[in-house]
Structures are given as structure tokens and as C-alpha cells.
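Right, one structure below, let's go through it.
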2 protein chains.
Amino acid sequence: MVVDGIADETGETVDRLFHALADGTRRDILRRCVRGELSVSRLAAAYPMSFAAVQKHVTVLERAGLVTKERRGREQLVRTDPEAVGRARQALDELESAWRARVDRMSGLLAEGADDGAGPDAPDPHEHTTKGPDG
Amino acid sequence: MVVDGIADETGETVDRLFHALADGTRRDILRRCVRGELSVSRLAAAYPMSFAAVQKHVTVLERAGLVTKERRGREQLVRTDPEAVGRARQALDELESAWRARVDRMSGLLAEGADDGAGPDAPDPHEHTTKGPDG
DNA sequence: CCCATCTACAACCATTTGGTTGTACGTTAG
DNA sequence: CTAACGTACAACCAAATGGTTGTAGATGGG
């Protein structure tokens with residue numbers, strides 16, 4: 001069980017996941033490849049763009065772990081990984097749990113009249129690793 | 001309940017949502033702004049980048065509907081919108097429901113030996129509106 | 001074998017992104 | 001008023017993105 005698989009040290013796994021989902025064509029490919037594996041060329045025929053462009057989209061989805069490719073003869077069959085959406089959802093869960101935990105805690109603190117002021121123990125750099133210059 | 005709010009005709013709302021989430025700095029900002037509103041300059045102090053850069057990140061989050069800004073005096077307080085994560089989750093739900101529906105339907109179709117018309121010349125354009133040249 | 005198909009990949013281009021700096025404007029404190 | 005703070009925004013730059021075309025390597029059919 002790869003716990004770090006969801007969020008590695010820099011969060012680049014999550015980056016790839018959401019980035020892959022942030023494109024309509026790629027989301028559409030995901031939907032299409034659920035009803036059964038489709039070859040890349042068959043996919044390409046469905047969009048108003050070149051084969052190579054679709055190929056790149058599939059690569060992005062693959063690197064994000066959202067689809068898998070399997071070769072059958074000269075074709076490359078693309079299939080969505082059902083667990084992948086679960087992974088994306090879990091990434092959201094982690095954000096949301098931060099929500100709930102904080103909000104919940106805030107209620108308690110307010111009850112005590114305390115003020116975390118978002119200052120004292122706040123400067124705890126979570127990750128803030130955008131795509132840094134060293135990227 | 002604004003159903004269309006989740007996915008407009010071209011899906012660009014979903015695009016913005018996932019794009020905003022596809023960056024570690026922005027996800028970190030979301031986490032920080034849960035424990036209470038933070039001014040942009042206070043946020044900026046937490047990252048190894050300029051004020052203007054953080055300002056841009058906040059703008060991206062705002063356009064995605066993930067945070068709201070409220071002016072207090074000369075400060076601009078940033079606060080995450082708890083419902084926003086719910087919206088992202090729902091976008092995932094829509095993808096996942098496509099999964100389940102298709103898979104479920106496939107079982108039935110296989111039993112009938114029918115073809116649901118996923119054919120190449122029967123492209124059912126869901127959206128496939130990447131960021132087209134017209135966009 | 002020869003040809004058509006499917007894939008892979010490189011080179012190239014326009015636009016976007018993420019970052020910088022600099023400047024201008026509103027607000028609060030002295 | 002003046003100075004300092006916080007914000008807004010424009011101009012600029014390097015790198016990534018999304019697209020194109022072209023070329024080359026496998027695979028399968030006649």
C-alpha cells in the first residue's frame with residue numbers, strides 16, 4: 001500500500017492528477033474509455049484534432065495514472081482506471097479534512113476566547129512546491 | 001440549486017476548478033485560509049516568491065470559486081469557500097457516475113449482445129472543448 | 001514481399017503560465 | 001501632510017502547454 005502515492009513529498013503526483021483533469025478533451029477521453037478499451041487512433045477520430053495531439057493527451061492521462069495502455073497487436077488500447085477517480089477524490093478529501101479539522105478546532109478556540117490569529121503556530125510550510133525553478 | 005454552476009456548456013468552470021487545484025502553492029493557500037481569513041500580504045510572507053506572484057495565485061483561486069476576498073480597511077482578506085471542495089468533488093462524481101453507469105450498462109448490453117453505438121462515426125461529443133483556438 | 005494501418009517521437013509554433021520588477025493608488029498611523 | 005503599509009496592475013521573461021507536421025518503426029493482410 002503506497003500511502004505516499006497519493007501525495008509525495010512535493011505533491012507533484014497530485015499536481016499531475018488535477019492537471020490531467022483540468023482539460024475538457026481529457027475528461028472526455030476518460031468518459032469514452034470507460035465503455036471499453038479504445039485504440040488511440042479510434043479515439044483520435046472522435047476529436048477535431050490530429051492523432052498526435054490525442055496521443056499527447058493520452059500520455060498526460062497515463063502519467064497521471066488515470067488510464068492504462070495495453071497493446072493488442074498493432075493497436076494500443078486505452079482504458080480508464082476506475083480507482084484513479086478515487087485517488088483524485090482522496091486528494092480532495094485531504095483538503096476537506098483540513099477544512100473540517102480547522103473549523104472544528106476554531107469553534108473550540110472561540111469558546112475559550114483564544115485567538116490563533118493565524119499567526120503563531122501558523123508558519124508551517126505545508127508544501128508550497130509549485131513547479132519551482134529547480135523543477 | 002444551480003446544476004449548471006457545476007458544469008457549464010463547455011466545462012470551462014470545471015477546467016478552472018481543476019486547474020486551480022493543480023498547483024501545490026495554491027493548494028497550500030487553500031489550507032492556510034481555512035483557519036481564518038488571511039491578508040494577501042500575510043500569505044505572501046509565507047512563500048518564497050513575490051507578493052505579486054501570490055496575488056496571482058489568489059486570483060486563480062478566486063476565479064475558480066475556491067476562495068473569496070473581502071476588504072477590511074487596506075487589507076484584502078482571503079477565505080476559502082467550504083462549498084468549493086464540494087463542487088470539485090461533484091465534478092469528480094459526474095465522471096465517476098459515467099463510469100458506473102457505463103459499466104453497469106455494459107453488463108446489460110453484453111447480455112443482449114447489442115452495441116451501444118460507441119462507434120467511430122457515431123461520435124457523441126460530450127464536450128471536448130479543450131481550450132480551443134477560439135477560446 | 002508490398003502496402004496500409006497504428007503507433008511513437010521529434011521539431012516547430014502560438015499561447016498560456018508562473019514568476020519577476022516597477023509603478024500607481026487607497027488606507028492607516030504620526 | 002507625510003510616511004509606511006497593503007493592494008492593484010502593467011510590462012516583461014523563461015518555461016510549459018496544446019497544437020501542428022513530418023518521419024520512422026511495428027504489425028497485419030493480400
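Chain identifiers are assigned as A, B, and so on, following the order in which chains appear in the C-alpha cells; residues are numbered from 1 within each chain, and ligands are numbered from 1 in order of appearance.
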
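Here is the contact set of chain B against chain C, at 12 Å and counting only C-alpha atoms (C1' of nucleotides): His19, Ala20, Asp23, Thr25, Arg26, Pro48, Met49, Ser50, Phe51, Ala52, Ala53, Val54, Gln55, Lys56, His57, Val60, Arg71, Arg72, Gly73, Arg74, Glu75, Gln76, Lys131, Gly132, Pro133, Asp134 and Gly135 of chain B.
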
Once you have the residues from the selection above, write them out as a PDB file, in the first residue's frame, restricted to C-alpha atoms.
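Saved as out.pdb:
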ATOM      1  CA  HIS B  19      -6.504  23.876 -12.936  1.00  0.00           C
ATOM      2  CA  ALA B  20      -6.577  25.879  -9.721  1.00  0.00           C
ATOM      3  CA  ASP B  23      -0.649  23.634  -8.102  1.00  0.00           C
ATOM      4  CA  THR B  25       1.197  26.605  -3.759  1.00  0.00           C
ATOM      5  CA  ARG B  26      -2.476  27.142  -4.430  1.00  0.00           C
ATOM      6  CA  PRO B  48       9.472  32.103  -1.260  1.00  0.00           C
ATOM      7  CA  MET B  49       8.058  34.286  -4.002  1.00  0.00           C
ATOM      8  CA  SER B  50       6.972  37.844  -4.555  1.00  0.00           C
ATOM      9  CA  PHE B  51       3.779  39.437  -3.340  1.00  0.00           C
ATOM     10  CA  ALA B  52       2.586  39.808  -6.912  1.00  0.00           C
ATOM     11  CA  ALA B  53       3.058  36.090  -7.576  1.00  0.00           C
ATOM     12  CA  VAL B  54       0.930  35.154  -4.579  1.00  0.00           C
ATOM     13  CA  GLN B  55      -1.590  37.728  -5.658  1.00  0.00           C
ATOM     14  CA  LYS B  56      -1.880  35.955  -8.988  1.00  0.00           C
ATOM     15  CA  HIS B  57      -2.360  32.601  -7.298  1.00  0.00           C
ATOM     16  CA  VAL B  60      -6.674  31.984  -9.932  1.00  0.00           C
ATOM     17  CA  ARG B  71     -11.709  44.031   2.029  1.00  0.00           C
ATOM     18  CA  ARG B  72     -11.073  45.125   5.566  1.00  0.00           C
ATOM     19  CA  GLY B  73      -9.536  48.541   5.595  1.00  0.00           C
ATOM     20  CA  ARG B  74      -6.435  48.433   3.465  1.00  0.00           C
ATOM     21  CA  GLU B  75      -6.188  44.686   3.681  1.00  0.00           C
ATOM     22  CA  GLN B  76      -7.805  42.130   1.440  1.00  0.00           C
ATOM     23  CA  LYS B 131      -9.081  25.464 -24.738  1.00  0.00           C
ATOM     24  CA  GLY B 132      -9.694  25.672 -28.375  1.00  0.00           C
ATOM     25  CA  PRO B 133      -8.191  28.236 -30.696  1.00  0.00           C
ATOM     26  CA  ASP B 134     -11.495  30.059 -30.468  1.00  0.00           C
ATOM     27  CA  GLY B 135     -11.274  30.175 -26.772  1.00  0.00           C
TER      28      GLY B 135
END

Counting only C-alpha atoms (C1' of nucleotides), chain D residues within 10 Å of chain B, as a PyMOL selection string: chain D and resi 5-9+18-19

Any chance you could export the current selection's C-alpha atoms (C1' of nucleotides) as a PDB file, in the first residue's frame?
ATOM      1  C1'  DC D   5       1.655  49.632   4.519  1.00  0.00           C
ATOM      2  C1'  DG D   6      -1.310  46.814   1.526  1.00  0.00           C
ATOM      3  C1'  DT D   7      -3.080  46.291  -2.775  1.00  0.00           C
ATOM      4  C1'  DA D   8      -3.689  46.513  -7.917  1.00  0.00           C
ATOM      5  C1'  DC D   9      -1.931  46.217 -12.294  1.00  0.00           C
ATOM      6  C1'  DG D  18      -1.550  22.365 -26.686  1.00  0.00           C
ATOM      7  C1'  DG D  19      -1.463  22.138 -31.152  1.00  0.00           C
TER       8       DG D  19
END

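Atom CA of A:Glu62 is found 16.5 Å from atom C1' of D:DT17.
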
Within stretch 32-102 of chain B, find each residue whose DSSP state, derived from the backbone, is helix (DSSP H, G or I), and express the selection as a PyMOL selection string. chain B and resi 32+40-44+51-63+82-102

Taking 4 positions as the minimum chain separation for residues in the same chain, which residues sit within 12 Å of B:Ala84 when counting only C-alpha atoms (C1' of nucleotides)? Answer as a PDB file with C-alpha atoms, in the first residue's frame.
ATOM      1  CA  LEU A  92      -9.838  16.414  -2.224  1.00  0.00           C
ATOM      2  CA  LEU A  95      -8.066  19.246   1.619  1.00  0.00           C
ATOM      3  CA  GLU A  96     -11.540  18.980   3.004  1.00  0.00           C
ATOM      4  CA  TRP A  99     -11.231  22.301   6.459  1.00  0.00           C
TER       5      TRP A  99
ATOM      6  CA  GLY B   5     -22.993  26.030 -11.966  1.00  0.00           C
ATOM      7  CA  ILE B   6     -21.041  22.826 -11.740  1.00  0.00           C
ATOM      8  CA  THR B  13     -15.849  26.021 -14.969  1.00  0.00           C
ATOM      9  CA  VAL B  14     -14.523  22.549 -14.284  1.00  0.00           C
ATOM     10  CA  ARG B  16     -10.758  26.391 -13.884  1.00  0.00           C
ATOM     11  CA  LEU B  17     -11.544  24.362 -10.817  1.00  0.00           C
ATOM     12  CA  PHE B  18      -9.109  21.553 -11.516  1.00  0.00           C
ATOM     13  CA  ALA B  20      -6.577  25.879  -9.721  1.00  0.00           C
ATOM     14  CA  LEU B  21      -6.122  22.706  -7.720  1.00  0.00           C
ATOM     15  CA  LEU B  30      -6.395  26.904   0.463  1.00  0.00           C
ATOM     16  CA  LEU B  61      -8.283  30.509  -6.837  1.00  0.00           C
ATOM     17  CA  GLU B  62     -10.864  33.257  -6.814  1.00  0.00           C
ATOM     18  CA  ARG B  63     -11.792  32.757 -10.467  1.00  0.00           C
ATOM     19  CA  ALA B  64     -12.211  29.065  -9.736  1.00  0.00           C
ATOM     20  CA  GLY B  65     -14.573  29.950  -6.931  1.00  0.00           C
ATOM     21  CA  LEU B  66     -12.346  28.326  -4.339  1.00  0.00           C
ATOM     22  CA  VAL B  67     -11.769  31.442  -2.274  1.00  0.00           C
ATOM     23  CA  THR B  68     -13.467  34.765  -1.704  1.00  0.00           C
ATOM     24  CA  ARG B  79     -11.015  32.959   2.821  1.00  0.00           C
ATOM     25  CA  THR B  80     -11.598  29.522   1.362  1.00  0.00           C
ATOM     26  CA  ALA B  88     -14.826  19.830  -7.133  1.00  0.00           C
ATOM     27  CA  ARG B  89     -15.957  16.595  -5.615  1.00  0.00           C
ATOM     28  CA  GLN B  90     -19.185  16.754  -7.529  1.00  0.00           C
ATOM     29  CA  ALA B  91     -17.295  17.210 -10.774  1.00  0.00           C
TER      30      ALA B  91
END

Distance query A:Leu43 at most 10 Å, only C-alpha atoms (C1' of nucleotides), self and fewer than 6 positions along chain excluded, as a PyMOL selection string: (chain A and resi 29+32-33+37+51+54-55+58+77-78) or (chain B and resi 120+123)

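If you look at atom CA of B:Arg27 and atom CA of B:Val85, they are 11.1 Å away from each other.
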
Between A:Thr59, A:Asp81, A:Ala46, A:Leu38, smallest distance to chain B by only C-alpha atoms belongs to A:Ala46

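Across the structure, atom CA of A:Gly11 and atom CA of B:Gly36 are spaced 23.6 Å apart.
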
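Comparing the minimum interatomic distances between chain A and each of B:Ala44, B:Asp93, B:Gly24, B:Gly86, counting only C-alpha atoms, we find that B:Gly24 sits nearest.
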